[in-house]
file structure02.cif (mmCIF, C-alpha atoms and all ligand atoms)
data_start
loop_
_atom_site.group_PDB
_atom_site.id
_atom_site.type_symbol
_atom_site.label_atom_id
_atom_site.label_comp_id
_atom_site.auth_asym_id
_atom_site.auth_seq_id
_atom_site.Cartn_x
_atom_site.Cartn_y
_atom_site.Cartn_z
ATOM 1 C CA MET A 336 106.142 101.574 83.699
ATOM 2 C CA TYR A 337 105.874 100.932 80.034
ATOM 3 C CA CYS A 338 106.331 97.329 79.175
ATOM 4 C CA LEU A 339 108.556 96.794 76.180
ATOM 5 C CA LEU A 340 107.938 93.613 74.279
ATOM 6 C CA ILE A 341 110.492 92.808 71.658
ATOM 7 C CA GLY A 342 109.773 90.182 69.109
ATOM 8 C CA VAL A 343 111.207 88.849 65.920
ATOM 9 C CA SER A 344 109.114 87.786 62.995
ATOM 10 C CA LYS A 345 110.164 86.415 59.654
ATOM 11 C CA ILE A 346 108.687 87.352 56.348
ATOM 12 C CA ALA A 347 108.893 85.375 53.145
ATOM 13 C CA ILE A 348 112.365 86.556 52.228
ATOM 14 C CA ASN A 349 113.516 85.464 55.688
ATOM 15 C CA LEU A 350 114.542 88.895 57.022
ATOM 16 C CA PRO A 351 113.944 89.399 60.761
ATOM 17 C CA ILE A 352 111.662 92.335 61.640
ATOM 18 C CA PHE A 353 111.994 93.781 65.139
ATOM 19 C CA PHE A 354 108.898 95.307 66.644
ATOM 20 C CA SER A 355 108.004 96.795 69.976
ATOM 21 C CA VAL A 356 104.641 97.215 71.688
ATOM 22 C CA ARG A 357 104.005 99.729 74.438
ATOM 23 C CA MET A 358 101.419 98.559 76.944
ATOM 24 C CA LYS A 359 99.272 101.302 78.428
ATOM 25 C CA GLU A 360 99.544 102.048 82.132
ATOM 26 C CA TRP A 361 96.303 101.368 84.085
ATOM 27 C CA PHE A 362 95.760 105.105 84.621
ATOM 28 C CA GLN A 363 95.985 105.792 80.892
ATOM 29 C CA SER A 364 93.250 103.341 79.955
ATOM 30 C CA TRP A 365 90.873 103.454 82.951
ATOM 31 C CA PHE A 366 90.481 107.225 83.268
ATOM 32 C CA ASP A 367 90.157 107.589 79.502
ATOM 33 C CA SER A 368 87.246 105.140 79.373
ATOM 34 C CA PRO A 369 83.585 106.224 79.757
ATOM 35 C CA TYR A 370 83.165 103.548 82.448
ATOM 36 C CA TYR A 371 85.312 105.403 85.010
ATOM 37 C CA HIS A 372 82.841 108.287 84.802
ATOM 38 C CA ILE A 373 79.879 105.931 85.218
ATOM 39 C CA LEU A 374 81.308 104.134 88.259
ATOM 40 C CA TYR A 375 82.274 107.430 89.929
ATOM 41 C CA LYS A 376 79.277 109.502 88.864
ATOM 42 C CA HIS A 377 78.482 110.276 92.528
ATOM 43 C CA ARG A 378 81.712 112.334 92.577
ATOM 44 C CA ASP A 379 79.784 115.122 90.939
ATOM 45 C CA ASN A 380 79.677 118.873 90.343
ATOM 46 C CA ALA A 381 77.913 119.521 93.639
ATOM 47 C CA GLU A 382 80.745 117.843 95.592
ATOM 48 C CA ALA A 383 83.299 119.824 93.572
ATOM 49 C CA ALA A 384 81.504 123.145 94.116
ATOM 50 C CA SER A 385 81.194 122.747 97.852
ATOM 51 C CA PHE A 386 84.863 121.746 98.296
ATOM 52 C CA ILE A 387 86.010 124.650 96.106
ATOM 53 C CA ASP A 388 83.867 127.065 98.155
ATOM 54 C CA GLU A 389 85.617 125.849 101.329
ATOM 55 C CA LEU A 390 89.045 126.282 99.737
ATOM 56 C CA LEU A 391 88.214 129.784 98.456
ATOM 57 C CA GLN A 392 87.014 130.800 101.885
ATOM 58 C CA LEU A 393 90.281 129.600 103.418
ATOM 59 C CA LEU A 394 92.742 130.890 100.813
ATOM 60 C CA LYS A 395 90.850 133.991 99.649
ATOM 61 C CA PRO A 396 92.527 134.327 96.249
ATOM 62 C CA PRO A 397 91.935 137.775 94.703
ATOM 63 C CA GLN A 398 89.536 137.897 91.753
ATOM 64 C CA SER A 399 92.574 138.391 89.470
ATOM 65 C CA ALA A 400 94.097 135.053 90.589
ATOM 66 C CA SER A 401 94.998 132.397 88.061
ATOM 67 C CA ILE A 402 94.426 128.757 88.933
ATOM 68 C CA LEU A 403 95.896 125.507 87.611
ATOM 69 C CA ASP A 404 93.816 122.326 87.973
ATOM 70 C CA ILE A 405 96.284 119.428 87.627
ATOM 71 C CA ALA A 406 94.649 116.142 86.544
ATOM 72 C CA CYS A 407 91.359 117.969 86.058
ATOM 73 C CA GLY A 408 89.340 114.993 84.796
ATOM 74 C CA LYS A 409 86.231 116.302 83.039
ATOM 75 C CA GLY A 410 86.857 119.709 84.594
ATOM 76 C CA ARG A 411 84.261 119.812 87.371
ATOM 77 C CA HIS A 412 86.454 122.014 89.621
ATOM 78 C CA SER A 413 87.928 124.093 86.756
ATOM 79 C CA ILE A 414 84.543 124.963 85.274
ATOM 80 C CA TYR A 415 83.145 126.017 88.651
ATOM 81 C CA LEU A 416 86.194 128.228 89.322
ATOM 82 C CA ALA A 417 86.011 129.864 85.878
ATOM 83 C CA ASN A 418 82.311 130.574 86.444
ATOM 84 C CA LYS A 419 83.386 132.412 89.572
ATOM 85 C CA GLY A 420 85.547 134.698 87.405
ATOM 86 C CA TYR A 421 89.033 133.210 87.892
ATOM 87 C CA ARG A 422 91.424 132.497 85.023
ATOM 88 C CA VAL A 423 91.703 128.700 85.008
ATOM 89 C CA THR A 424 93.832 126.138 83.184
ATOM 90 C CA GLY A 425 92.980 122.447 83.425
ATOM 91 C CA LEU A 426 95.474 119.693 82.569
ATOM 92 C CA ASP A 427 94.848 116.003 82.147
ATOM 93 C CA LEU A 428 96.546 113.003 80.560
ATOM 94 C CA SER A 429 93.298 111.611 79.176
ATOM 95 C CA GLU A 430 92.526 112.638 75.615
ATOM 96 C CA GLN A 431 88.820 111.872 76.060
ATOM 97 C CA ASN A 432 88.613 114.005 79.209
ATOM 98 C CA ILE A 433 90.240 116.955 77.478
ATOM 99 C CA ILE A 434 87.968 116.615 74.432
ATOM 100 C CA CYS A 435 85.026 116.789 76.826
ATOM 101 C CA CYS A 436 86.520 119.728 78.806
ATOM 102 C CA ARG A 437 87.197 121.782 75.688
ATOM 103 C CA LYS A 438 83.467 122.150 75.075
ATOM 104 C CA HIS A 439 83.498 124.478 78.101
ATOM 105 C CA GLU A 440 86.475 126.622 77.081
ATOM 106 C CA ASN A 441 86.108 130.402 77.037
ATOM 107 C CA ASP A 442 88.361 133.443 77.484
ATOM 108 C CA ARG A 443 88.982 132.522 81.144
ATOM 109 C CA LEU A 444 89.084 128.745 80.810
ATOM 110 C CA GLU A 445 91.511 126.569 78.830
ATOM 111 C CA PHE A 446 92.397 122.873 78.866
ATOM 112 C CA TYR A 447 95.429 120.902 77.730
ATOM 113 C CA GLU A 448 96.340 117.244 77.401
ATOM 114 C CA HIS A 449 99.456 117.104 79.549
ATOM 115 C CA ASP A 450 101.335 114.646 81.766
ATOM 116 C CA MET A 451 101.551 116.177 85.243
ATOM 117 C CA ARG A 452 105.083 114.827 85.688
ATOM 118 C CA GLU A 453 106.280 117.256 83.031
ATOM 119 C CA ILE A 454 106.800 120.969 83.612
ATOM 120 C CA PHE A 455 103.840 122.928 82.204
ATOM 121 C CA ARG A 456 104.486 126.636 82.904
ATOM 122 C CA THR A 457 106.662 128.426 85.424
ATOM 123 C CA ASN A 458 105.778 131.240 87.879
ATOM 124 C CA ASP A 459 102.359 131.667 86.315
ATOM 125 C CA TYR A 460 99.700 130.626 88.857
ATOM 126 C CA ASP A 461 98.484 131.793 92.268
ATOM 127 C CA LEU A 462 96.864 128.490 93.105
ATOM 128 C CA ALA A 463 97.443 124.932 91.858
ATOM 129 C CA LEU A 464 95.146 122.024 92.651
ATOM 130 C CA ASN A 465 95.494 118.256 92.508
ATOM 131 C CA LEU A 466 92.122 116.946 93.623
ATOM 132 C CA PHE A 467 90.333 113.690 94.343
ATOM 133 C CA THR A 468 93.254 111.260 94.539
ATOM 134 C CA SER A 469 94.991 112.279 91.342
ATOM 135 C CA PHE A 470 98.331 111.195 92.765
ATOM 136 C CA GLY A 471 100.104 107.991 93.857
ATOM 137 C CA TYR A 472 99.719 106.269 90.495
ATOM 138 C CA PHE A 473 103.349 105.922 89.533
ATOM 139 C CA ASP A 474 105.736 103.066 90.332
ATOM 140 C CA ARG A 475 108.738 105.312 90.704
ATOM 141 C CA GLU A 476 109.111 107.665 93.646
ATOM 142 C CA HIS A 477 110.996 109.945 91.295
ATOM 143 C CA ASP A 478 107.732 110.497 89.356
ATOM 144 C CA ASN A 479 105.903 111.537 92.544
ATOM 145 C CA LEU A 480 108.581 114.135 93.149
ATOM 146 C CA ARG A 481 108.577 115.298 89.539
ATOM 147 C CA THR A 482 104.812 115.869 89.797
ATOM 148 C CA LEU A 483 105.130 117.940 92.971
ATOM 149 C CA ARG A 484 108.065 119.913 91.606
ATOM 150 C CA SER A 485 106.213 120.697 88.381
ATOM 151 C CA ALA A 486 103.260 121.940 90.434
ATOM 152 C CA ALA A 487 105.576 124.070 92.563
ATOM 153 C CA LEU A 488 107.293 125.496 89.493
ATOM 154 C CA ALA A 489 103.955 126.512 87.991
ATOM 155 C CA LEU A 490 103.250 128.701 91.042
ATOM 156 C CA ARG A 491 104.331 132.243 91.714
ATOM 157 C CA PRO A 492 106.206 132.652 95.021
ATOM 158 C CA GLY A 493 103.589 132.773 97.779
ATOM 159 C CA GLY A 494 101.113 130.779 95.682
ATOM 160 C CA TYR A 495 99.266 127.794 97.143
ATOM 161 C CA PHE A 496 99.198 124.138 96.114
ATOM 162 C CA VAL A 497 96.370 121.913 97.369
ATOM 163 C CA LEU A 498 96.728 118.128 97.278
ATOM 164 C CA ASP A 499 93.582 116.137 98.091
ATOM 165 C CA TYR A 500 94.387 112.472 98.675
ATOM 166 C CA LEU A 501 92.794 109.375 100.165
ATOM 167 C CA ASN A 502 93.500 108.755 103.841
ATOM 168 C CA PRO A 503 96.007 105.870 103.605
ATOM 169 C CA VAL A 504 95.428 104.710 107.182
ATOM 170 C CA VAL A 505 91.651 104.302 106.844
ATOM 171 C CA VAL A 506 91.916 102.731 103.376
ATOM 172 C CA ASN A 507 94.517 100.234 104.560
ATOM 173 C CA HIS A 508 92.279 99.055 107.425
ATOM 174 C CA ALA A 509 89.188 98.843 105.236
ATOM 175 C CA THR A 510 90.556 96.374 102.656
ATOM 176 C CA PRO A 511 89.958 93.695 101.351
ATOM 177 C CA LYS A 512 86.386 94.176 100.204
ATOM 178 C CA THR A 513 84.237 93.105 97.283
ATOM 179 C CA PHE A 514 81.231 95.113 96.222
ATOM 180 C CA HIS A 515 78.679 95.083 93.436
ATOM 181 C CA LYS A 516 77.049 98.183 92.040
ATOM 182 C CA THR A 517 74.566 98.599 89.219
ATOM 183 C CA ILE A 518 74.839 101.991 87.571
ATOM 184 C CA ASP A 519 73.234 102.977 84.251
ATOM 185 C CA GLY A 520 72.340 99.308 83.694
ATOM 186 C CA ILE A 521 75.935 98.085 84.122
ATOM 187 C CA ASP A 522 76.718 95.566 86.895
ATOM 188 C CA PHE A 523 80.144 96.467 88.236
ATOM 189 C CA THR A 524 82.079 94.073 90.483
ATOM 190 C CA VAL A 525 84.877 95.773 92.368
ATOM 191 C CA VAL A 526 87.439 93.842 94.401
ATOM 192 C CA LYS A 527 89.495 96.115 96.595
ATOM 193 C CA GLU A 528 92.622 94.816 98.340
ATOM 194 C CA THR A 529 95.935 95.988 99.690
ATOM 195 C CA VAL A 530 98.879 94.692 97.707
ATOM 196 C CA GLY A 531 102.223 95.732 99.181
ATOM 197 C CA ASP A 532 102.040 99.493 99.697
ATOM 198 C CA ARG A 533 99.189 99.976 97.222
ATOM 199 C CA VAL A 534 95.415 99.771 97.287
ATOM 200 C CA VAL A 535 94.342 97.905 94.202
ATOM 201 C CA LYS A 536 90.818 97.798 92.789
ATOM 202 C CA SER A 537 89.984 95.211 90.135
ATOM 203 C CA ILE A 538 86.911 96.376 88.280
ATOM 204 C CA SER A 539 84.996 93.955 86.060
ATOM 205 C CA PHE A 540 81.713 94.190 84.182
ATOM 206 C CA SER A 541 80.177 93.503 80.822
ATOM 207 C CA ASP A 542 78.530 95.995 78.501
ATOM 208 C CA LYS A 543 76.864 95.409 75.134
ATOM 209 C CA GLY A 544 78.015 91.781 75.162
ATOM 210 C CA GLN A 545 81.672 92.631 75.832
ATOM 211 C CA GLU A 546 83.638 91.785 78.997
ATOM 212 C CA PHE A 547 85.774 94.522 80.563
ATOM 213 C CA ASN A 548 88.475 94.404 83.236
ATOM 214 C CA PHE A 549 90.157 97.520 84.546
ATOM 215 C CA LYS A 550 92.492 98.189 87.430
ATOM 216 C CA GLU A 551 93.165 101.045 89.807
ATOM 217 C CA SER A 552 96.366 100.952 91.811
ATOM 218 C CA VAL A 553 97.097 103.809 94.182
ATOM 219 C CA GLN A 554 100.060 103.973 96.490
ATOM 220 C CA LEU A 555 99.276 104.313 100.201
ATOM 221 C CA ILE A 556 101.472 107.316 100.905
ATOM 222 C CA SER A 557 101.632 108.244 104.578
ATOM 223 C CA PRO A 558 101.289 111.846 105.796
ATOM 224 C CA GLU A 559 104.910 111.648 106.967
ATOM 225 C CA LYS A 560 106.068 110.574 103.516
ATOM 226 C CA PHE A 561 104.202 113.488 101.948
ATOM 227 C CA GLN A 562 105.907 115.830 104.391
ATOM 228 C CA GLU A 563 109.245 114.384 103.241
ATOM 229 C CA TYR A 564 108.280 114.915 99.607
ATOM 230 C CA PHE A 565 107.278 118.527 100.210
ATOM 231 C CA LYS A 566 110.621 119.162 101.944
ATOM 232 C CA GLN A 567 112.281 118.229 98.645
ATOM 233 C CA THR A 568 110.318 120.940 96.812
ATOM 234 C CA SER A 569 109.785 124.661 97.331
ATOM 235 C CA LEU A 570 106.417 123.923 99.001
ATOM 236 C CA GLU A 571 105.778 124.356 102.729
ATOM 237 C CA VAL A 572 102.823 122.683 104.422
ATOM 238 C CA THR A 573 100.503 125.245 106.043
ATOM 239 C CA HIS A 574 97.452 123.076 106.890
ATOM 240 C CA VAL A 575 96.457 119.405 106.883
ATOM 241 C CA PHE A 576 92.717 118.659 106.673
ATOM 242 C CA GLY A 577 90.765 115.408 106.759
ATOM 243 C CA ASP A 578 87.617 116.069 104.737
ATOM 244 C CA TYR A 579 85.912 118.371 102.243
ATOM 245 C CA ASN A 580 84.569 120.561 105.060
ATOM 246 C CA LEU A 581 88.171 121.206 106.065
ATOM 247 C CA ASN A 582 87.957 119.532 109.447
ATOM 248 C CA LYS A 583 91.237 118.624 111.102
ATOM 249 C CA TYR A 584 92.937 115.451 109.800
ATOM 250 C CA SER A 585 92.656 112.398 112.007
ATOM 251 C CA ALA A 586 94.604 109.333 110.788
ATOM 252 C CA LYS A 587 92.023 107.014 112.349
ATOM 253 C CA ASP A 588 88.772 108.561 111.070
ATOM 254 C CA SER A 589 89.214 111.088 108.282
ATOM 255 C CA PRO A 590 87.967 110.150 104.823
ATOM 256 C CA ARG A 591 90.607 112.322 103.124
ATOM 257 C CA LEU A 592 94.154 113.623 103.584
ATOM 258 C CA ILE A 593 94.295 117.196 102.288
ATOM 259 C CA PHE A 594 97.493 119.236 102.271
ATOM 260 C CA ILE A 595 97.524 122.985 101.808
ATOM 261 C CA THR A 596 101.038 124.069 100.912
ATOM 262 C CA GLN A 597 102.588 127.380 99.978
ATOM 263 C CA LYS A 598 105.484 128.124 97.676
ATOM 264 C CA ILE A 599 108.344 129.694 99.578
ATOM 265 C CA ARG A 600 108.726 133.372 98.669
HETATM 266 C C1 LIG B 701 90.526 110.291 90.066
HETATM 267 S S1 LIG B 701 90.518 111.248 88.628
HETATM 268 C C2 LIG B 701 90.197 112.861 89.286
HETATM 269 C C3 LIG B 701 89.820 113.870 88.244
HETATM 270 C C4 LIG B 701 89.433 115.262 88.774
HETATM 271 N N1 LIG B 701 90.488 115.871 89.562
HETATM 272 C C5 LIG B 701 88.139 115.198 89.543
HETATM 273 O O1 LIG B 701 88.148 115.398 90.755
HETATM 274 O O2 LIG B 701 87.102 114.947 88.927
HETATM 275 C C6 LIG B 701 92.244 111.291 88.236
HETATM 276 C C7 LIG B 701 92.610 112.025 86.966
HETATM 277 O O3 LIG B 701 94.045 112.036 86.844
HETATM 278 C C8 LIG B 701 94.348 111.989 85.463
HETATM 279 N N2 LIG B 701 95.749 111.543 85.322
HETATM 280 C C9 LIG B 701 96.253 110.320 85.564
HETATM 281 N N3 LIG B 701 97.573 110.305 85.339
HETATM 282 C C10 LIG B 701 97.898 111.551 84.941
HETATM 283 C C11 LIG B 701 99.120 112.163 84.543
HETATM 284 N N4 LIG B 701 100.266 111.475 84.530
HETATM 285 N N5 LIG B 701 99.098 113.468 84.198
HETATM 286 C C12 LIG B 701 97.945 114.165 84.182
HETATM 287 N N6 LIG B 701 96.753 113.637 84.544
HETATM 288 C C13 LIG B 701 96.735 112.343 84.917
HETATM 289 C C14 LIG B 701 93.346 111.009 84.918
HETATM 290 O O4 LIG B 701 93.228 111.062 83.528
HETATM 291 C C15 LIG B 701 92.088 111.407 85.680
HETATM 292 O O5 LIG B 701 91.323 112.333 84.960
#
call {"tool": "encode", "arguments": {"input": "structure02.cif", "output": "structure tokens"}}
result
Amino acid sequence: MYCLLIGVSKIAINLPIFFSVRMKEWFQSWFDSPYYHILYKHRDNAEAASFIDELLQLLKPPQSASILDIACGKGRHSIYLANKGYRVTGLDLSEQNIICCRKHENDRLEFYEHDMREIFRTNDYDLALNLFTSFGYFDREHDNLRTLRSAALALRPGGYFVLDYLNPVVVNHATPKTFHKTIDGIDFTVVKETVGDRVVKSISFSDKGQEFNFKESVQLISPEKFQEYFKQTSLEVTHVFGDYNLNKYSAKDSPRLIFITQKIR
């Protein structure tokens, strides 16, 4: 939620001036910063390539298929798919991510700064992806639904939507936890805890003499809740997997919660 601060100030002639300040949401500042990419550098191209290979083997999109990568980050999945010959569009809210992605654009690969809650295109894609926990950020349930409906709208009937999420059951049991990691000479301290129905990470470190504090706050959405969400869209769940090798989902053990859904014809 944007926070609206309203203030009144007086200038010399004593006229009140109203001003408003919009505070950034955590997901606008954290993902746009270079430090997110340092802390998560192990989530790399090799991981992306092997997961995409598994998905392609399962879904077998024809070579003519067009693919939408929603919340594409720096484009690790999009770039791999375009190199395989598919027409790919990547979308992300982060200006810095899209600037970085655009260096890879070509006649099959395009990127746009776009909020996934908003409709992008309709009936245009054979496959839409939302990968590596790019969901559950919003405070309002309505925004979760808007995101899923926009993804569904982007698909042609019969097209697939893949949502790759954290496993809320495992994450809930694993918190709270504090860990320290030194990456590229930066000492990160991460405190991970469950607050209400969210897993919250407080990330602090200093770099070049400056102190930084960021936050991640992801809703722990149960598989049942996702099923309810999908029922309110034109997407039908066809498979539920629990890891990047597409093994069956187990609430107790799986590292991920991966839904494969298909737009009703
Ligand atoms: C955890 S990262 C995953 C990025 C990418 N899918 C990957 O696997 O590398 C989440 C991404 O979601 C993007 N994001 C957050 N809120 C968004 C929104 N409302 N619309 C579009 N993208 C958003 C962030 O900028 C960030 O790049």
call {"tool": "atom_distance", "arguments": {"input": "structure02.cif", "atom1": "atom CA of A:Lys376", "atom2": "atom CA of A:Phe455"}}
result
28.8 Å
call {"tool": "resolve_selection", "arguments": {"input": "structure02.cif", "expression": "the PyMOL selection byres (((chain A and resi 577-594) around 9) and not hetatm)", "output": "JSON list (two decimals) with C-alpha atoms, in the coordinates of the input"}}
result
[["chain", "number", "residue", "atom", "x", "y", "z"],
["A", 382, "GLU", "CA", 80.74, 117.84, 95.59],
["A", 385, "SER", "CA", 81.19, 122.75, 97.85],
["A", 386, "PHE", "CA", 84.86, 121.75, 98.30],
["A", 387, "ILE", "CA", 86.01, 124.65, 96.11],
["A", 389, "GLU", "CA", 85.62, 125.85, 101.33],
["A", 390, "LEU", "CA", 89.04, 126.28, 99.74],
["A", 466, "LEU", "CA", 92.12, 116.95, 93.62],
["A", 467, "PHE", "CA", 90.33, 113.69, 94.34],
["A", 496, "PHE", "CA", 99.20, 124.14, 96.11],
["A", 497, "VAL", "CA", 96.37, 121.91, 97.37],
["A", 498, "LEU", "CA", 96.73, 118.13, 97.28],
["A", 499, "ASP", "CA", 93.58, 116.14, 98.09],
["A", 500, "TYR", "CA", 94.39, 112.47, 98.68],
["A", 501, "LEU", "CA", 92.79, 109.38, 100.16],
["A", 502, "ASN", "CA", 93.50, 108.76, 103.84],
["A", 503, "PRO", "CA", 96.01, 105.87, 103.60],
["A", 504, "VAL", "CA", 95.43, 104.71, 107.18],
["A", 505, "VAL", "CA", 91.65, 104.30, 106.84],
["A", 506, "VAL", "CA", 91.92, 102.73, 103.38],
["A", 558, "PRO", "CA", 101.29, 111.85, 105.80],
["A", 561, "PHE", "CA", 104.20, 113.49, 101.95],
["A", 572, "VAL", "CA", 102.82, 122.68, 104.42],
["A", 573, "THR", "CA", 100.50, 125.24, 106.04],
["A", 574, "HIS", "CA", 97.45, 123.08, 106.89],
["A", 575, "VAL", "CA", 96.46, 119.40, 106.88],
["A", 576, "PHE", "CA", 92.72, 118.66, 106.67],
["A", 595, "ILE", "CA", 97.52, 122.98, 101.81],
["A", 596, "THR", "CA", 101.04, 124.07, 100.91]]
call {"tool": "axis_aligned_box", "arguments": {"input": "structure02.cif", "around": "ligand LIG 701 (chain B)", "padding_each_side": "3 Å", "output": "lines of an AutoDock Vina configuration file"}}
result
center_x = 93.7
center_y = 113.1
center_z = 87.1
size_x = 19.2
size_y = 11.6
size_z = 13.2
call {"tool": "residues_near_ligand", "arguments": {"input": "structure02.cif", "ligand": "ligand LIG 701 (chain B)", "cutoff": "10 Å", "atoms": "all atoms listed in the file", "output": "MDAnalysis selection string"}}
result
chainID A and resid 360:368 371:372 375:376 378:380 382:383 404:413 425:433 447:453 464:473 478:479 482 499:500 551
call {"tool": "atom_distance", "arguments": {"input": "structure02.cif", "atom1": "atom CA of A:Leu488", "atom2": "atom CA of A:Leu570"}}
result
9.7 Å
call {"tool": "atom_distance", "arguments": {"input": "structure02.cif", "atom1": "atom CA of A:Arg443", "atom2": "atom CA of A:Tyr460"}}
result
13.3 Å
call {"tool": "residues_around", "arguments": {"input": "structure02.cif", "residues": "A:Ser569", "least_positions_apart": "2", "cutoff": "9 Å", "atoms": "all atoms listed in the file", "output": "number ranges by chain"}}
result
A: 484, 487-488, 565-567, 571, 597-600
call {"tool": "resolve_selection", "arguments": {"input": "structure02.cif", "expression": "the PyMOL selection byres (((chain A and resi 525) around 7) and not hetatm)", "output": "list of chain:residue names"}}
result
A:Thr513, A:Phe514, A:His515, A:Phe523, A:Thr524, A:Val526, A:Lys527, A:Lys536, A:Ser537, A:Ile538, A:Ser539
call {"tool": "write_last_selection", "arguments": {"input": "structure02.cif", "atoms": "C-alpha atoms", "output": "tab-separated table (two decimals), keeping the file's coordinate frame"}}
result
chain	number	residue	atom	x	y	z
A	513	THR	CA	84.24	93.10	97.28
A	514	PHE	CA	81.23	95.11	96.22
A	515	HIS	CA	78.68	95.08	93.44
A	523	PHE	CA	80.14	96.47	88.24
A	524	THR	CA	82.08	94.07	90.48
A	526	VAL	CA	87.44	93.84	94.40
A	527	LYS	CA	89.50	96.12	96.60
A	536	LYS	CA	90.82	97.80	92.79
A	537	SER	CA	89.98	95.21	90.14
A	538	ILE	CA	86.91	96.38	88.28
A	539	SER	CA	85.00	93.96	86.06
call {"tool": "closest_residue", "arguments": {"input": "structure02.cif", "among": "A:Val553, A:Asp522, A:Phe547, A:Arg481", "to": "A:Val535", "atoms": "only C-alpha atoms"}}
result
A:Val553
